[in-house]
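Report on one structure; see the data block that follows.
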Amino acid sequence: MSSFDGKTYWIIGASEGLGRALAEALSRQGAHLVLSARNADRLAEICAALPNAQAVPCDVTDLDSVRRAAVEAGEVDGLVYNAGSYEPMRSADWETEAVLAMTDVNYTGALRVMGETVPRLVREGRGDITLIGSLSGYRGLPAAVGYAASKAALVSLAETMRFDLKDTGVTVRIVNPGFIKTRLTEKNNFNMPMLMTPEDAAERVVKAMSRRRFRTDFPAPFSWVIRLLDYLPDWLVYRGK
C-alpha cells in the first residue's frame, strides 16, 4: 500500500502535460483525485479513464470560480498547484497583457487557491500542499519576462508558507522542474537541456510528495547549474551586458 492510497488530492492544472501525467501517476498509487482546469471537456475525458477521479472545472484567474471549486472539491488530504502559463518574451518585446496573464496564472492564481484552502487545512491540523515552480524561478533568464518572475514569486511564497505553517500539521513543499515536453515548451525555439517527458517528471513529483522534504529540484545536473548562478558575481553573469 502506498502513502497515497485512499487519500484525496486536488490537482489544479490537471488537463494536460505534467498535470495530466501526475493525475495518472497518483491514480496508480491508489489516490482519489479532484481534477481542475479551465477545459471541462478535457477534464471529463481524463476522469473517464481514471478510477475515483472527479472533475471540478476552475479558472484560477477568477476568485469566484476558485471559491466554487474549493467548495465542490470538499475535504482533501492534499493539493497540487500546477496551473501554468508561458509565453517566451524578451524585455525589448514587452507585451503587458501577456506578462500579466502569466503572472495571474502562475502566481496570483496560487494566492487565490491558497486563500480558499490553507485556513481550512490549518483548522483541521493536517494537509499537504505541493507548489509546482520552475528552475527558472531561481534567476532572471533571457526571454522569460513574466514567466521567470512569477515562478520566483511562487518559490518565495512556498518558503514563507513553510516557515509559517511548520507547527500546524500542514506540510508545504516546492517542486522545481526543468524543461518538460509540453504544449508550453513547444513555443521555445532554442535547445532545452535534459528535456523530460511529462511522465518522467510526474514520477519525480510523486516521489517528492511522498517525503516531507521542502525543496525538490530536477533534473540534475541541470538544476545544479541553475543554482550555481546564484553564487556567481553579477559582473560575470552579466558580462558584456
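In the C-alpha cells, the first chain shown is A, the next is B, and so on; residue numbers restart at 1 for each chain, and ligands run from 1 in the order shown.
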
Please provide as a list of chain:residue names all residues within 12 Å of Arg211 (chain A), with the sequence filter that same-chain residues fewer than 2 positions apart are discarded (counting only C-alpha atoms).
A:Ser3, A:Phe4, A:Asp128, A:Ile129, A:Thr130, A:Thr171, A:Val172, A:Arg173, A:Ile174, A:Val175, A:Arg204, A:Val205, A:Val206, A:Lys207, A:Ala208, A:Met209, A:Arg213, A:Phe214, A:Arg215, A:Thr216

Just-selected residues, N, CA, C and O atoms written as a tab-separated table (two decimals), in the first residue's frame:
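Generated file (selection.tsv):
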```tsv
chain	number	residue	atom	x	y	z
A	3	SER	N	1.69	5.49	0.24
A	3	SER	CA	1.31	6.54	1.17
A	3	SER	C	0.15	7.37	0.63
A	3	SER	O	-0.42	8.20	1.35
A	4	PHE	N	-0.21	7.18	-0.63
A	4	PHE	CA	-1.30	7.94	-1.26
A	4	PHE	C	-2.61	7.16	-1.28
A	4	PHE	O	-3.65	7.72	-1.60
A	128	ASP	N	-1.43	18.61	2.97
A	128	ASP	CA	-0.20	18.53	2.19
A	128	ASP	C	-0.35	19.44	0.98
A	128	ASP	O	-1.29	19.29	0.20
A	129	ILE	N	0.56	20.38	0.83
A	129	ILE	CA	0.49	21.35	-0.27
A	129	ILE	C	1.77	21.26	-1.09
A	129	ILE	O	2.88	21.40	-0.56
A	130	THR	N	1.61	21.03	-2.39
A	130	THR	CA	2.75	20.99	-3.31
A	130	THR	C	2.57	22.07	-4.36
A	130	THR	O	1.57	22.08	-5.09
A	171	THR	N	1.94	20.35	5.68
A	171	THR	CA	3.24	20.26	5.01
A	171	THR	C	3.21	21.04	3.71
A	171	THR	O	2.29	20.90	2.91
A	172	VAL	N	4.21	21.89	3.51
A	172	VAL	CA	4.32	22.68	2.28
A	172	VAL	C	5.64	22.34	1.60
A	172	VAL	O	6.68	22.26	2.26
A	173	ARG	N	5.59	22.15	0.28
A	173	ARG	CA	6.83	21.89	-0.46
A	173	ARG	C	6.79	22.60	-1.81
A	173	ARG	O	5.71	22.92	-2.33
A	174	ILE	N	7.96	22.84	-2.36
A	174	ILE	CA	8.08	23.40	-3.70
A	174	ILE	C	8.84	22.40	-4.56
A	174	ILE	O	9.85	21.84	-4.13
A	175	VAL	N	8.33	22.14	-5.75
A	175	VAL	CA	9.00	21.25	-6.70
A	175	VAL	C	9.31	22.07	-7.95
A	175	VAL	O	8.41	22.66	-8.56
A	204	ARG	N	8.81	11.93	-10.66
A	204	ARG	CA	9.68	12.66	-9.74
A	204	ARG	C	8.87	13.51	-8.76
A	204	ARG	O	9.23	13.65	-7.60
A	205	VAL	N	7.78	14.08	-9.25
A	205	VAL	CA	6.91	14.85	-8.36
A	205	VAL	C	6.27	13.95	-7.31
A	205	VAL	O	6.22	14.29	-6.13
A	206	VAL	N	5.78	12.80	-7.73
A	206	VAL	CA	5.17	11.85	-6.79
A	206	VAL	C	6.19	11.44	-5.73
A	206	VAL	O	5.86	11.34	-4.54
A	207	LYS	N	7.41	11.18	-6.14
A	207	LYS	CA	8.46	10.82	-5.20
A	207	LYS	C	8.68	11.94	-4.19
A	207	LYS	O	8.83	11.70	-2.98
A	208	ALA	N	8.69	13.18	-4.67
A	208	ALA	CA	8.86	14.33	-3.77
A	208	ALA	C	7.69	14.43	-2.81
A	208	ALA	O	7.87	14.76	-1.62
A	209	MET	N	6.48	14.15	-3.30
A	209	MET	CA	5.29	14.26	-2.45
A	209	MET	C	5.24	13.18	-1.36
A	209	MET	O	4.51	13.33	-0.38
A	213	ARG	N	10.45	16.48	2.74
A	213	ARG	CA	11.48	17.41	2.27
A	213	ARG	C	10.82	18.62	1.62
A	213	ARG	O	9.87	18.49	0.85
A	214	PHE	N	11.36	19.81	1.90
A	214	PHE	CA	10.72	21.03	1.41
A	214	PHE	C	10.95	21.25	-0.08
A	214	PHE	O	10.01	21.52	-0.83
A	215	ARG	N	12.18	21.15	-0.53
A	215	ARG	CA	12.52	21.58	-1.88
A	215	ARG	C	13.05	20.42	-2.72
A	215	ARG	O	13.93	19.69	-2.30
A	216	THR	N	12.50	20.28	-3.93
A	216	THR	CA	13.00	19.29	-4.86
A	216	THR	C	13.21	19.96	-6.21
A	216	THR	O	12.28	20.52	-6.78
```

With the cut-off set at 12 Å and counting only C-alpha atoms, tabulate each residue of region 51-162 of chain A with an atom at most that distance from an atom of region 218-236 of chain A, showing the nearest atom pair and its distance in Å to one decimal, ordered by chain and increasing number, as JSON lines.
```
{"residue": "A:Ile132", "atom": "CA", "partner": "A:Phe218", "partner_atom": "CA", "distance": 11.7}
{"residue": "A:Gly133", "atom": "CA", "partner": "A:Phe218", "partner_atom": "CA", "distance": 11.0}
{"residue": "A:Ser134", "atom": "CA", "partner": "A:Phe218", "partner_atom": "CA", "distance": 9.2}
{"residue": "A:Leu135", "atom": "CA", "partner": "A:Ser223", "partner_atom": "CA", "distance": 6.7}
{"residue": "A:Ser136", "atom": "CA", "partner": "A:Ile226", "partner_atom": "CA", "distance": 7.9}
{"residue": "A:Gly137", "atom": "CA", "partner": "A:Ile226", "partner_atom": "CA", "distance": 9.6}
{"residue": "A:Tyr138", "atom": "CA", "partner": "A:Arg227", "partner_atom": "CA", "distance": 6.9}
{"residue": "A:Arg139", "atom": "CA", "partner": "A:Asp230", "partner_atom": "CA", "distance": 7.2}
{"residue": "A:Gly140", "atom": "CA", "partner": "A:Leu229", "partner_atom": "CA", "distance": 10.0}
{"residue": "A:Leu141", "atom": "CA", "partner": "A:Ile226", "partner_atom": "CA", "distance": 10.0}
```

Could you write out the selected residues, including N, CA and C atoms, as a compact mmCIF listing (two decimals), in the first residue's frame?
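The result, stored in again.txt:
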```txt
# COMPACT_ATOMS: atom_id res chain seq x y z
N ILE A 132 4.08 23.66 -7.76
CA ILE A 132 4.96 23.33 -8.88
C ILE A 132 5.56 24.63 -9.43
N GLY A 133 6.82 24.83 -9.12
CA GLY A 133 7.51 26.01 -9.59
C GLY A 133 8.28 25.73 -10.87
N SER A 134 9.50 26.22 -10.92
CA SER A 134 10.35 26.02 -12.10
C SER A 134 11.78 26.39 -11.73
N LEU A 135 12.74 25.74 -12.36
CA LEU A 135 14.13 26.13 -12.15
C LEU A 135 14.36 27.57 -12.58
N SER A 136 13.53 28.07 -13.50
CA SER A 136 13.67 29.46 -13.95
C SER A 136 13.32 30.45 -12.84
N GLY A 137 12.71 29.97 -11.76
CA GLY A 137 12.37 30.86 -10.66
C GLY A 137 13.56 31.25 -9.80
N TYR A 138 14.71 30.65 -10.05
CA TYR A 138 15.89 30.94 -9.24
C TYR A 138 16.72 32.11 -9.75
N ARG A 139 16.52 32.47 -11.03
CA ARG A 139 17.37 33.52 -11.59
C ARG A 139 16.67 34.14 -12.78
N GLY A 140 16.78 35.45 -12.91
CA GLY A 140 16.25 36.09 -14.11
C GLY A 140 16.98 35.56 -15.33
N LEU A 141 16.23 35.09 -16.32
CA LEU A 141 16.82 34.48 -17.50
C LEU A 141 16.36 35.20 -18.77
```

Which residue is closest to Ser36 (chain A)? Choose from A:Glu24, A:Asp59, A:Glu199, A:Asp164 and count only C-alpha atoms.
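Using only C-alpha atoms, the shortest distance to Ser36 (chain A) belongs to A:Asp59.
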
Taking the DSSP assignment computed from this structure's backbone, write out as a ChimeraX atom specification all residues of region 141-171 of chain A that belong to alpha helix (DSSP H).
/A:147-164

How would the residues just picked look written out with N, CA, C and O atoms as a PDB file, in the first residue's frame?
```
ATOM      1  N   TYR A 147       7.268  35.012 -16.973  1.00  0.00           N
ATOM      2  CA  TYR A 147       7.316  33.621 -16.514  1.00  0.00           C
ATOM      3  C   TYR A 147       8.290  33.436 -15.362  1.00  0.00           C
ATOM      4  O   TYR A 147       7.916  32.959 -14.289  1.00  0.00           O
ATOM      5  N   ALA A 148       9.548  33.799 -15.557  1.00  0.00           N
ATOM      6  CA  ALA A 148      10.553  33.583 -14.515  1.00  0.00           C
ATOM      7  C   ALA A 148      10.212  34.358 -13.250  1.00  0.00           C
ATOM      8  O   ALA A 148      10.343  33.851 -12.130  1.00  0.00           O
ATOM      9  N   ALA A 149       9.759  35.598 -13.412  1.00  0.00           N
ATOM     10  CA  ALA A 149       9.428  36.419 -12.241  1.00  0.00           C
ATOM     11  C   ALA A 149       8.258  35.823 -11.466  1.00  0.00           C
ATOM     12  O   ALA A 149       8.259  35.803 -10.230  1.00  0.00           O
ATOM     13  N   SER A 150       7.259  35.314 -12.171  1.00  0.00           N
ATOM     14  CA  SER A 150       6.099  34.734 -11.483  1.00  0.00           C
ATOM     15  C   SER A 150       6.469  33.437 -10.780  1.00  0.00           C
ATOM     16  O   SER A 150       5.950  33.140  -9.694  1.00  0.00           O
ATOM     17  N   LYS A 151       7.370  32.659 -11.360  1.00  0.00           N
ATOM     18  CA  LYS A 151       7.826  31.439 -10.711  1.00  0.00           C
ATOM     19  C   LYS A 151       8.723  31.756  -9.512  1.00  0.00           C
ATOM     20  O   LYS A 151       8.703  31.035  -8.502  1.00  0.00           O
ATOM     21  N   ALA A 152       9.493  32.831  -9.606  1.00  0.00           N
ATOM     22  CA  ALA A 152      10.294  33.261  -8.461  1.00  0.00           C
ATOM     23  C   ALA A 152       9.379  33.656  -7.300  1.00  0.00           C
ATOM     24  O   ALA A 152       9.661  33.346  -6.129  1.00  0.00           O
ATOM     25  N   ALA A 153       8.286  34.320  -7.613  1.00  0.00           N
ATOM     26  CA  ALA A 153       7.323  34.691  -6.575  1.00  0.00           C
ATOM     27  C   ALA A 153       6.704  33.456  -5.947  1.00  0.00           C
ATOM     28  O   ALA A 153       6.473  33.404  -4.731  1.00  0.00           O
ATOM     29  N   LEU A 154       6.449  32.422  -6.757  1.00  0.00           N
ATOM     30  CA  LEU A 154       5.867  31.187  -6.235  1.00  0.00           C
ATOM     31  C   LEU A 154       6.844  30.486  -5.290  1.00  0.00           C
ATOM     32  O   LEU A 154       6.438  29.957  -4.249  1.00  0.00           O
ATOM     33  N   VAL A 155       8.123  30.484  -5.649  1.00  0.00           N
ATOM     34  CA  VAL A 155       9.139  29.902  -4.768  1.00  0.00           C
ATOM     35  C   VAL A 155       9.168  30.649  -3.434  1.00  0.00           C
ATOM     36  O   VAL A 155       9.202  30.037  -2.364  1.00  0.00           O
ATOM     37  N   SER A 156       9.135  31.972  -3.499  1.00  0.00           N
ATOM     38  CA  SER A 156       9.134  32.780  -2.275  1.00  0.00           C
ATOM     39  C   SER A 156       7.896  32.508  -1.430  1.00  0.00           C
ATOM     40  O   SER A 156       7.976  32.423  -0.196  1.00  0.00           O
ATOM     41  N   LEU A 157       6.745  32.366  -2.079  1.00  0.00           N
ATOM     42  CA  LEU A 157       5.510  32.051  -1.367  1.00  0.00           C
ATOM     43  C   LEU A 157       5.650  30.726  -0.621  1.00  0.00           C
ATOM     44  O   LEU A 157       5.277  30.621   0.552  1.00  0.00           O
ATOM     45  N   ALA A 158       6.187  29.726  -1.299  1.00  0.00           N
ATOM     46  CA  ALA A 158       6.360  28.415  -0.666  1.00  0.00           C
ATOM     47  C   ALA A 158       7.286  28.510   0.538  1.00  0.00           C
ATOM     48  O   ALA A 158       7.029  27.888   1.584  1.00  0.00           O
ATOM     49  N   GLU A 159       8.356  29.272   0.416  1.00  0.00           N
ATOM     50  CA  GLU A 159       9.304  29.416   1.524  1.00  0.00           C
ATOM     51  C   GLU A 159       8.632  30.060   2.735  1.00  0.00           C
ATOM     52  O   GLU A 159       8.811  29.614   3.877  1.00  0.00           O
ATOM     53  N   THR A 160       7.843  31.089   2.478  1.00  0.00           N
ATOM     54  CA  THR A 160       7.134  31.758   3.571  1.00  0.00           C
ATOM     55  C   THR A 160       6.120  30.830   4.230  1.00  0.00           C
ATOM     56  O   THR A 160       6.028  30.750   5.460  1.00  0.00           O
ATOM     57  N   MET A 161       5.369  30.117   3.414  1.00  0.00           N
ATOM     58  CA  MET A 161       4.363  29.202   3.961  1.00  0.00           C
ATOM     59  C   MET A 161       5.003  28.076   4.768  1.00  0.00           C
ATOM     60  O   MET A 161       4.476  27.661   5.801  1.00  0.00           O
ATOM     61  N   ARG A 162       6.150  27.585   4.302  1.00  0.00           N
ATOM     62  CA  ARG A 162       6.827  26.521   5.035  1.00  0.00           C
ATOM     63  C   ARG A 162       7.208  27.006   6.430  1.00  0.00           C
ATOM     64  O   ARG A 162       7.052  26.280   7.417  1.00  0.00           O
ATOM     65  N   PHE A 163       7.719  28.235   6.525  1.00  0.00           N
ATOM     66  CA  PHE A 163       8.041  28.815   7.832  1.00  0.00           C
ATOM     67  C   PHE A 163       6.792  28.941   8.700  1.00  0.00           C
ATOM     68  O   PHE A 163       6.751  28.484   9.840  1.00  0.00           O
ATOM     69  N   ASP A 164       5.764  29.560   8.141  1.00  0.00           N
ATOM     70  CA  ASP A 164       4.590  29.923   8.924  1.00  0.00           C
ATOM     71  C   ASP A 164       3.750  28.721   9.351  1.00  0.00           C
ATOM     72  O   ASP A 164       3.087  28.766  10.392  1.00  0.00           O
TER      73      ASP A 164
END
```

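Considering only C-alpha atoms, the residue among A:Ala14, A:Val99, A:Leu165, A:Ala201 positioned nearest to Lys181 (chain A) is A:Ala201.
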
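Using only C-alpha atoms, the smallest distance between any of A:Asp77, A:Asp93, A:Asp41, A:Glu87 and Thr117 (chain A) comes from A:Asp77.
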
From region 24-153 of chain A, collect each residue whose DSSP state is strand (DSSP E) and return the set as a PyMOL selection string.
chain A and resi 32-36+53-55+78-81+127-132

Using N, CA and C atoms, can you write the selected residues to a file as an mmCIF file, in the first residue's frame?
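Resulting contents of selection.cif:
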```cif
data_model
loop_
_atom_site.group_PDB
_atom_site.id
_atom_site.type_symbol
_atom_site.label_atom_id
_atom_site.label_comp_id
_atom_site.auth_asym_id
_atom_site.auth_seq_id
_atom_site.Cartn_x
_atom_site.Cartn_y
_atom_site.Cartn_z
ATOM 1 N N HIS A 32 -7.515 9.073 -4.488
ATOM 2 C CA HIS A 32 -8.734 9.661 -5.023
ATOM 3 C C HIS A 32 -8.361 11.058 -5.515
ATOM 4 N N LEU A 33 -8.928 11.477 -6.636
ATOM 5 C CA LEU A 33 -8.489 12.712 -7.268
ATOM 6 C C LEU A 33 -9.636 13.672 -7.538
ATOM 7 N N VAL A 34 -9.361 14.945 -7.285
ATOM 8 C CA VAL A 34 -10.217 16.036 -7.745
ATOM 9 C C VAL A 34 -9.365 16.801 -8.750
ATOM 10 N N LEU A 35 -9.810 16.866 -10.001
ATOM 11 C CA LEU A 35 -9.005 17.447 -11.067
ATOM 12 C C LEU A 35 -9.628 18.748 -11.562
ATOM 13 N N SER A 36 -8.819 19.796 -11.587
ATOM 14 C CA SER A 36 -9.314 21.107 -12.002
ATOM 15 C C SER A 36 -8.460 21.713 -13.111
ATOM 16 N N ALA A 53 -11.835 9.518 -9.851
ATOM 17 C CA ALA A 53 -11.434 10.877 -10.238
ATOM 18 C C ALA A 53 -12.669 11.717 -10.502
ATOM 19 N N GLN A 54 -12.670 12.925 -9.963
ATOM 20 C CA GLN A 54 -13.801 13.843 -10.095
ATOM 21 C C GLN A 54 -13.337 15.118 -10.783
ATOM 22 N N ALA A 55 -14.069 15.576 -11.775
ATOM 23 C CA ALA A 55 -13.726 16.807 -12.484
ATOM 24 C C ALA A 55 -14.402 18.006 -11.825
ATOM 25 N N GLY A 78 -4.655 16.666 0.387
ATOM 26 C CA GLY A 78 -3.564 17.453 -0.160
ATOM 27 C C GLY A 78 -3.959 18.094 -1.466
ATOM 28 N N LEU A 79 -3.167 19.068 -1.889
ATOM 29 C CA LEU A 79 -3.425 19.710 -3.165
ATOM 30 C C LEU A 79 -2.107 19.988 -3.867
ATOM 31 N N VAL A 80 -2.188 20.043 -5.181
ATOM 32 C CA VAL A 80 -1.042 20.349 -6.022
ATOM 33 C C VAL A 80 -1.412 21.534 -6.898
ATOM 34 N N TYR A 81 -0.650 22.631 -6.786
ATOM 35 C CA TYR A 81 -0.905 23.779 -7.657
ATOM 36 C C TYR A 81 0.045 23.685 -8.839
ATOM 37 N N GLY A 127 -2.705 18.266 6.364
ATOM 38 C CA GLY A 127 -2.792 18.604 4.947
ATOM 39 C C GLY A 127 -1.426 18.645 4.294
ATOM 40 N N ASP A 128 -1.431 18.607 2.974
ATOM 41 C CA ASP A 128 -0.203 18.527 2.194
ATOM 42 C C ASP A 128 -0.348 19.437 0.981
ATOM 43 N N ILE A 129 0.561 20.382 0.826
ATOM 44 C CA ILE A 129 0.494 21.350 -0.268
ATOM 45 C C ILE A 129 1.772 21.259 -1.092
ATOM 46 N N THR A 130 1.611 21.032 -2.389
ATOM 47 C CA THR A 130 2.749 20.989 -3.307
ATOM 48 C C THR A 130 2.569 22.074 -4.360
ATOM 49 N N LEU A 131 3.520 22.983 -4.421
ATOM 50 C CA LEU A 131 3.509 24.030 -5.435
ATOM 51 C C LEU A 131 4.518 23.648 -6.517
ATOM 52 N N ILE A 132 4.075 23.660 -7.764
ATOM 53 C CA ILE A 132 4.960 23.332 -8.879
ATOM 54 C C ILE A 132 5.556 24.626 -9.426
#
```

Using only C-alpha atoms, which protein or nucleic acid residues come within 9 Å of Arg67 (chain A)? Drop anything in the same chain fewer than 6 positions from it, and give the result as a list in words.
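Close residues of Arg67 (chain A): Arg112, Val113 and Glu116 of chain A.
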
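What separates CA of Val71 (chain A) from CA of Gly6 (chain A) is a distance of 20.3 Å.
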
Could you list, as a VMD selection string, every residue within 12 Å of Gly115 (chain A), counting only C-alpha atoms and ignoring same-chain residues fewer than 3 positions away?
chain A and resid 60 63 66 to 67 70 108 to 112 118 to 122 161

Could you dump the residues just selected with N, CA, C and O atoms as a PDB file, in the first residue's frame?
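The new file out21.pdb reads:
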```pdb
ATOM      1  N   VAL A  60      -8.333  29.735 -12.362  1.00  0.00           N
ATOM      2  CA  VAL A  60      -7.606  30.291 -11.205  1.00  0.00           C
ATOM      3  C   VAL A  60      -7.476  31.804 -11.270  1.00  0.00           C
ATOM      4  O   VAL A  60      -7.093  32.434 -10.279  1.00  0.00           O
ATOM      5  N   LEU A  63     -11.642  34.677  -8.895  1.00  0.00           N
ATOM      6  CA  LEU A  63     -11.789  34.320  -7.484  1.00  0.00           C
ATOM      7  C   LEU A  63     -13.102  33.592  -7.219  1.00  0.00           C
ATOM      8  O   LEU A  63     -13.136  32.628  -6.438  1.00  0.00           O
ATOM      9  N   VAL A  66     -12.678  30.035  -8.246  1.00  0.00           N
ATOM     10  CA  VAL A  66     -11.845  29.312  -7.281  1.00  0.00           C
ATOM     11  C   VAL A  66     -12.650  28.964  -6.032  1.00  0.00           C
ATOM     12  O   VAL A  66     -12.568  27.847  -5.508  1.00  0.00           O
ATOM     13  N   ARG A  67     -13.448  29.909  -5.566  1.00  0.00           N
ATOM     14  CA  ARG A  67     -14.259  29.667  -4.366  1.00  0.00           C
ATOM     15  C   ARG A  67     -15.273  28.549  -4.600  1.00  0.00           C
ATOM     16  O   ARG A  67     -15.464  27.685  -3.744  1.00  0.00           O
ATOM     17  N   ALA A  70     -13.376  25.222  -4.705  1.00  0.00           N
ATOM     18  CA  ALA A  70     -12.917  24.782  -3.383  1.00  0.00           C
ATOM     19  C   ALA A  70     -14.055  24.135  -2.602  1.00  0.00           C
ATOM     20  O   ALA A  70     -13.860  23.134  -1.910  1.00  0.00           O
ATOM     21  N   THR A 108      -0.534  34.712  -8.976  1.00  0.00           N
ATOM     22  CA  THR A 108      -1.726  35.242  -8.312  1.00  0.00           C
ATOM     23  C   THR A 108      -2.810  34.181  -8.198  1.00  0.00           C
ATOM     24  O   THR A 108      -3.547  34.138  -7.201  1.00  0.00           O
ATOM     25  N   GLY A 109      -2.901  33.296  -9.176  1.00  0.00           N
ATOM     26  CA  GLY A 109      -3.857  32.191  -9.087  1.00  0.00           C
ATOM     27  C   GLY A 109      -3.578  31.307  -7.889  1.00  0.00           C
ATOM     28  O   GLY A 109      -4.503  30.834  -7.219  1.00  0.00           O
ATOM     29  N   ALA A 110      -2.297  31.086  -7.607  1.00  0.00           N
ATOM     30  CA  ALA A 110      -1.929  30.295  -6.427  1.00  0.00           C
ATOM     31  C   ALA A 110      -2.387  30.986  -5.149  1.00  0.00           C
ATOM     32  O   ALA A 110      -2.848  30.328  -4.200  1.00  0.00           O
ATOM     33  N   LEU A 111      -2.302  32.312  -5.110  1.00  0.00           N
ATOM     34  CA  LEU A 111      -2.765  33.048  -3.931  1.00  0.00           C
ATOM     35  C   LEU A 111      -4.268  32.853  -3.729  1.00  0.00           C
ATOM     36  O   LEU A 111      -4.736  32.691  -2.590  1.00  0.00           O
ATOM     37  N   ARG A 112      -5.011  32.854  -4.826  1.00  0.00           N
ATOM     38  CA  ARG A 112      -6.460  32.645  -4.714  1.00  0.00           C
ATOM     39  C   ARG A 112      -6.761  31.246  -4.163  1.00  0.00           C
ATOM     40  O   ARG A 112      -7.604  31.082  -3.274  1.00  0.00           O
ATOM     41  N   VAL A 118      -5.920  27.003   2.576  1.00  0.00           N
ATOM     42  CA  VAL A 118      -4.995  26.964   3.725  1.00  0.00           C
ATOM     43  C   VAL A 118      -5.705  27.135   5.061  1.00  0.00           C
ATOM     44  O   VAL A 118      -5.452  26.364   6.004  1.00  0.00           O
ATOM     45  N   PRO A 119      -6.608  28.119   5.228  1.00  0.00           N
ATOM     46  CA  PRO A 119      -7.270  28.264   6.533  1.00  0.00           C
ATOM     47  C   PRO A 119      -7.993  27.000   6.983  1.00  0.00           C
ATOM     48  O   PRO A 119      -7.950  26.643   8.163  1.00  0.00           O
ATOM     49  N   ARG A 120      -8.637  26.313   6.039  1.00  0.00           N
ATOM     50  CA  ARG A 120      -9.346  25.083   6.390  1.00  0.00           C
ATOM     51  C   ARG A 120      -8.376  23.983   6.806  1.00  0.00           C
ATOM     52  O   ARG A 120      -8.604  23.268   7.794  1.00  0.00           O
ATOM     53  N   LEU A 121      -7.271  23.838   6.076  1.00  0.00           N
ATOM     54  CA  LEU A 121      -6.287  22.818   6.426  1.00  0.00           C
ATOM     55  C   LEU A 121      -5.666  23.101   7.793  1.00  0.00           C
ATOM     56  O   LEU A 121      -5.424  22.190   8.583  1.00  0.00           O
ATOM     57  N   VAL A 122      -5.433  24.370   8.077  1.00  0.00           N
ATOM     58  CA  VAL A 122      -4.864  24.742   9.378  1.00  0.00           C
ATOM     59  C   VAL A 122      -5.842  24.416  10.501  1.00  0.00           C
ATOM     60  O   VAL A 122      -5.460  23.893  11.553  1.00  0.00           O
ATOM     61  N   MET A 161       5.369  30.117   3.414  1.00  0.00           N
ATOM     62  CA  MET A 161       4.363  29.202   3.961  1.00  0.00           C
ATOM     63  C   MET A 161       5.003  28.076   4.768  1.00  0.00           C
ATOM     64  O   MET A 161       4.476  27.661   5.801  1.00  0.00           O
TER      65      MET A 161
END
```

Suppose you want the space between CA of Ile180 (chain A) and CA of Lys7 (chain A); what is it in Å?
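Interatomic distance here is 27.0 Å.
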
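Relative to CA of Val170 (chain A), CA of Glu72 (chain A) is found at 21.0 Å.
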